[in-house]
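Trainee: Below is a structure I'd like to ask you about.
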Amino acid sequence: MTYTFMQPYTFNNGLTLKNRLAMSPTTTMSSFYDGHVTNDEIDFYGARAGGLGLIIGEVANVIASGKGFEGELSIANDSDIPGLTALAHAMKQNGTKAVLQIFHAGRKSNDSILRGQQPVSASAVTAAFPADSQEPRALSADEIDEIITAFGAATRRAIAAGFDGVELHGANTYLLQQFFSPNSNQRTDKWGSDRMAFAKAVIASAHAAIDQYADRPFLLGYRISPEEIETPGIRLADSLAFVDMLGDSVVDYVHVSMGSAHRTSLNDKTDHEPILTKISRQLAGRKPLMGVGSVETPQDAEAVLGLGTDLVAMGRELIREPLWVQKVAAGDEASLRYQLSPSAMDELKIPRAMQDYLRGAFYSVMHFTDDPATAQNYQNQAAPMEGFEKKM
């Protein structure tokens, strides 16, 4: 069968993907204590490269205050470049393109991860989740400028390391989203009067680095989460206005972070139109749109394009099945792996730290063969649960 998602895609800057399938940012939590790349990470991505049009590497912090969890990649120092170069090389086998996601965690960190330092954010407002979240310190104007500059420096390092782009992580309640949210941003200066101002400045910083240092087509992506459940919080109308800004900006694509690509509004239960369709309509062809969430089968991927997206990303399915694209291309869909045996995780090059995480917080969404619910779910043809992409 011929699938639309297997067709090439060319961005406006000239970079061409051999197909429209991407691996979404997938946290392995396997970097060294200082954020340097490990062989576990290189092996994990190398096993999944080659078939995909694009791999978006897991998030890397742009400055020490931006670290959000142990085992996180760093792109905050030039000493990170050699390891990141090896990582980019592993991702780029057989023409796969490689983008690295970059971020600052903001208040989604703690003083243990930051080695005694208090987490920072737009304002001194504690996150509602998790329950043990710590109160952050409001960033000063000079610190905000330093972080904006750090995003540009991180982009320069990604160029030097051989990546084909960076994705600004403005989703999943990290710092870029914290500045846009009326929940976490209660500032009265210019960074509060225009809650898009920080994102605009970060985009400009990264783009300036691309203009100055890139000697090849280099992507600048932006990932968003469309809603928050807090009050006050980001609502769909806010995100559509933000998307409108992105549509007129210098970014090369928009990536929407959701556990299900077909999700409708969390806050307006009377609205049954998929969020991706709304965002596609708002972009009106100005930027390509990438959808993600519970994409497992080829039919799932094709359906995401039917929502109005240009690109399809997969997360947990590529953990289970590294050769998903190659098998589909070969007409060997019968061999696709939709369940995960605990005994196969080493064979699949899943790092040990990630194995523990999958067997813990994401056990119910990974379709483990030893999960009693898995057989029942397949028997009932139940929709996969949301979860893994939300973290990434």
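All residue names refer to the structure tokens as shown: chains lettered A, B, ... in order, residues numbered from 1 in each chain, ligands numbered from 1 in order.
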Please, which residues of range 2-192 of chain A, numbered as in this document, come out alpha helix (DSSP H) from DSSP, as number ranges by chain?
Mentor: A: 39-46, 81-91, 141-161, 175-180, 190-192
Trainee: Mind running range 144-262 of chain A against range 92-105 of chain A at 6 Å and telling me each contacting residue's nearest atom pair with the distance in Å (one decimal), counting only C-alpha atoms, chain and number ascending, as JSON lines?
Mentor:
```
{"residue": "A:Phe163", "atom": "CA", "partner": "A:Ala98", "partner_atom": "CA", "distance": 5.3}
{"residue": "A:Asp164", "atom": "CA", "partner": "A:Ala98", "partner_atom": "CA", "distance": 5.3}
{"residue": "A:Gly165", "atom": "CA", "partner": "A:Val99", "partner_atom": "CA", "distance": 4.5}
{"residue": "A:Val166", "atom": "CA", "partner": "A:Leu100", "partner_atom": "CA", "distance": 4.7}
{"residue": "A:Glu167", "atom": "CA", "partner": "A:Gln101", "partner_atom": "CA", "distance": 4.4}
{"residue": "A:Leu168", "atom": "CA", "partner": "A:Ile102", "partner_atom": "CA", "distance": 5.4}
{"residue": "A:His169", "atom": "CA", "partner": "A:Phe103", "partner_atom": "CA", "distance": 5.3}
{"residue": "A:Tyr174", "atom": "CA", "partner": "A:Ala105", "partner_atom": "CA", "distance": 4.7}
{"residue": "A:Leu175", "atom": "CA", "partner": "A:Ala105", "partner_atom": "CA", "distance": 5.4}
```
Trainee: Considering only C-alpha atoms, can you say which of A:Ser74, A:Gln186, A:Thr173, A:Thr277 comes closest to Gly106 in chain A?
Mentor: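 Closest candidate: A:Thr173.
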Trainee: Measuring atom to atom with only C-alpha atoms, identify which of A:Ala206, A:Thr4, A:Pro136, A:Glu58 is nearest to Lys18 in chain A.
Mentor: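 Of A:Ala206, A:Thr4, A:Pro136, A:Glu58, the one nearest Lys18 in chain A is A:Thr4, counting only C-alpha atoms.
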Trainee: Fewer than 2 positions away in the same chain doesn't count, so skip those; otherwise give me all residues within 9 Å of Thr27 in chain A, counting only C-alpha atoms, as a list in words.
Mentor: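 What passes the distance filter is Pro25, Met29, Ser30, Gly57, Glu58, Val59, Glu72, Met354, Lys391 and Met392 of chain A.
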Trainee: Taking only C-alpha atoms into account, produce a table as a Markdown table in which each residue of range 173-284 of chain A with an atom at most 8 Å from an atom of range 121-124 of chain A appears once, together with its shortest atom pair and the distance in Å to one decimal, ordered by chain and rising number.
Mentor:
```
| residue | atom | partner | partner_atom | distance |
| --- | --- | --- | --- | --- |
| A:Leu175 | CA | A:Ser121 | CA | 6.5 |
| A:Gln178 | CA | A:Ala122 | CA | 6.4 |
| A:Phe179 | CA | A:Ala122 | CA | 5.5 |
| A:Ser184 | CA | A:Ser123 | CA | 6.0 |
| A:Asn185 | CA | A:Ala122 | CA | 5.2 |
| A:Gln186 | CA | A:Ser123 | CA | 5.9 |
| A:Arg187 | CA | A:Ser123 | CA | 6.3 |
```
Trainee: Just write the chosen residues, N, CA, C and O atoms, as a compact mmCIF listing (two decimals), in the first residue's frame.
Mentor:
```txt
# COMPACT_ATOMS: atom_id res chain seq x y z
N LEU A 175 9.88 26.56 30.75
CA LEU A 175 9.99 28.01 30.93
C LEU A 175 9.34 28.82 29.81
O LEU A 175 8.68 29.84 30.10
N GLN A 178 5.89 28.84 30.59
CA GLN A 178 5.65 29.57 31.84
C GLN A 178 5.53 31.06 31.61
O GLN A 178 4.75 31.75 32.27
N PHE A 179 6.30 31.59 30.66
CA PHE A 179 6.19 33.02 30.35
C PHE A 179 4.89 33.33 29.62
O PHE A 179 4.36 34.45 29.74
N SER A 184 1.53 31.23 35.49
CA SER A 184 2.90 31.32 35.99
C SER A 184 3.57 32.65 35.72
O SER A 184 4.61 32.95 36.31
N ASN A 185 3.01 33.45 34.83
CA ASN A 185 3.57 34.77 34.54
C ASN A 185 2.63 35.85 35.05
O ASN A 185 1.60 36.14 34.44
N GLN A 186 3.00 36.43 36.16
CA GLN A 186 2.22 37.52 36.75
C GLN A 186 3.07 38.78 36.86
O GLN A 186 2.86 39.62 37.74
N ARG A 187 4.02 38.92 35.95
CA ARG A 187 4.92 40.07 35.95
C ARG A 187 4.19 41.33 35.51
O ARG A 187 3.18 41.27 34.78
```
Trainee: Compile the contact shell of Ala22 in chain A as a PyMOL selection string: residues with an atom at most 8 Å away, counting only C-alpha atoms, same-chain residues fewer than 2 positions apart removed.
Mentor: chain A and resi 20+24+52-56+311-314
Trainee: Fewer than 4 positions away in the same chain doesn't count, so skip those; otherwise give me all residues within 9 Å of Trp324 in chain A, counting only C-alpha atoms, as a list in words.
Mentor: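 My reading of the contact set: Arg48, Gly51, Leu52, Glu317, Leu318, Arg320, Val328, Ala329, Glu333, Leu336 and Arg337 of chain A.
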Trainee: Which value, in Å to one decimal, gives the distance between CA of Leu307 in chain A and CA of Met290 in chain A?
Mentor: 10.5 Å
Trainee: Restricting the calculation to only C-alpha atoms, which member of A:Leu240, A:Pro351, A:Phe5, A:Ala301 is positioned closest to Thr26 in chain A?
Mentor: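 Of the candidates, the smallest distance to Thr26 in chain A is held by A:Pro351.
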Trainee: My list of candidates is A:Arg223, A:Lys327, A:Arg263, A:His367. Which is closest to Gly50 in chain A when distances are computed with only C-alpha atoms?
Mentor: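 Ranked by minimum distance to Gly50 in chain A, first place goes to A:Lys327.
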Trainee: Given only C-alpha atoms as the basis, pick out the residue of A:Ala208, A:Ile234, A:Ile229, A:Ala284 nearest to Val251 in chain A.
Mentor: A:Ala208
Trainee: Which residue, A:Phe69, A:Phe180, A:Phe218, A:Phe198, has the smallest gap to Gly14 in chain A when you use only C-alpha atoms?
Mentor: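 Counting only C-alpha atoms, the residue closest to Gly14 in chain A is A:Phe218.
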Trainee: Report as a PyMOL selection string all protein, DNA and RNA residues lying within 10 Å of Ala303 in chain A, evaluated on only C-alpha atoms, omitting residues in the same chain fewer than 6 positions from it.
Mentor: chain A and resi 5+261-262+295+297+309+312
Trainee: Fewer than 6 positions away in the same chain doesn't count, so skip those; otherwise give me all residues within 8 Å of Phe32 in chain A, counting only C-alpha atoms, as a PDB file with N, CA, C and O atoms, in the first residue's frame.
Mentor:
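Just written: around-v4.pdb:
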```pdb
ATOM      1  N   THR A  38      26.198   9.956  26.523  1.00  0.00           N
ATOM      2  CA  THR A  38      26.695   8.617  26.831  1.00  0.00           C
ATOM      3  C   THR A  38      26.534   7.699  25.623  1.00  0.00           C
ATOM      4  O   THR A  38      25.748   7.986  24.708  1.00  0.00           O
ATOM      5  N   GLY A  71      20.118  13.064  34.473  1.00  0.00           N
ATOM      6  CA  GLY A  71      20.326  12.345  33.232  1.00  0.00           C
ATOM      7  C   GLY A  71      19.952  13.141  31.997  1.00  0.00           C
ATOM      8  O   GLY A  71      19.799  12.581  30.912  1.00  0.00           O
ATOM      9  N   GLU A  72      19.840  14.450  32.138  1.00  0.00           N
ATOM     10  CA  GLU A  72      19.418  15.325  31.045  1.00  0.00           C
ATOM     11  C   GLU A  72      20.622  15.784  30.232  1.00  0.00           C
ATOM     12  O   GLU A  72      21.682  16.083  30.773  1.00  0.00           O
ATOM     13  N   LEU A  73      20.430  15.867  28.922  1.00  0.00           N
ATOM     14  CA  LEU A  73      21.466  16.391  28.041  1.00  0.00           C
ATOM     15  C   LEU A  73      21.738  17.861  28.326  1.00  0.00           C
ATOM     16  O   LEU A  73      20.838  18.610  28.721  1.00  0.00           O
TER      17      LEU A  73
END
```
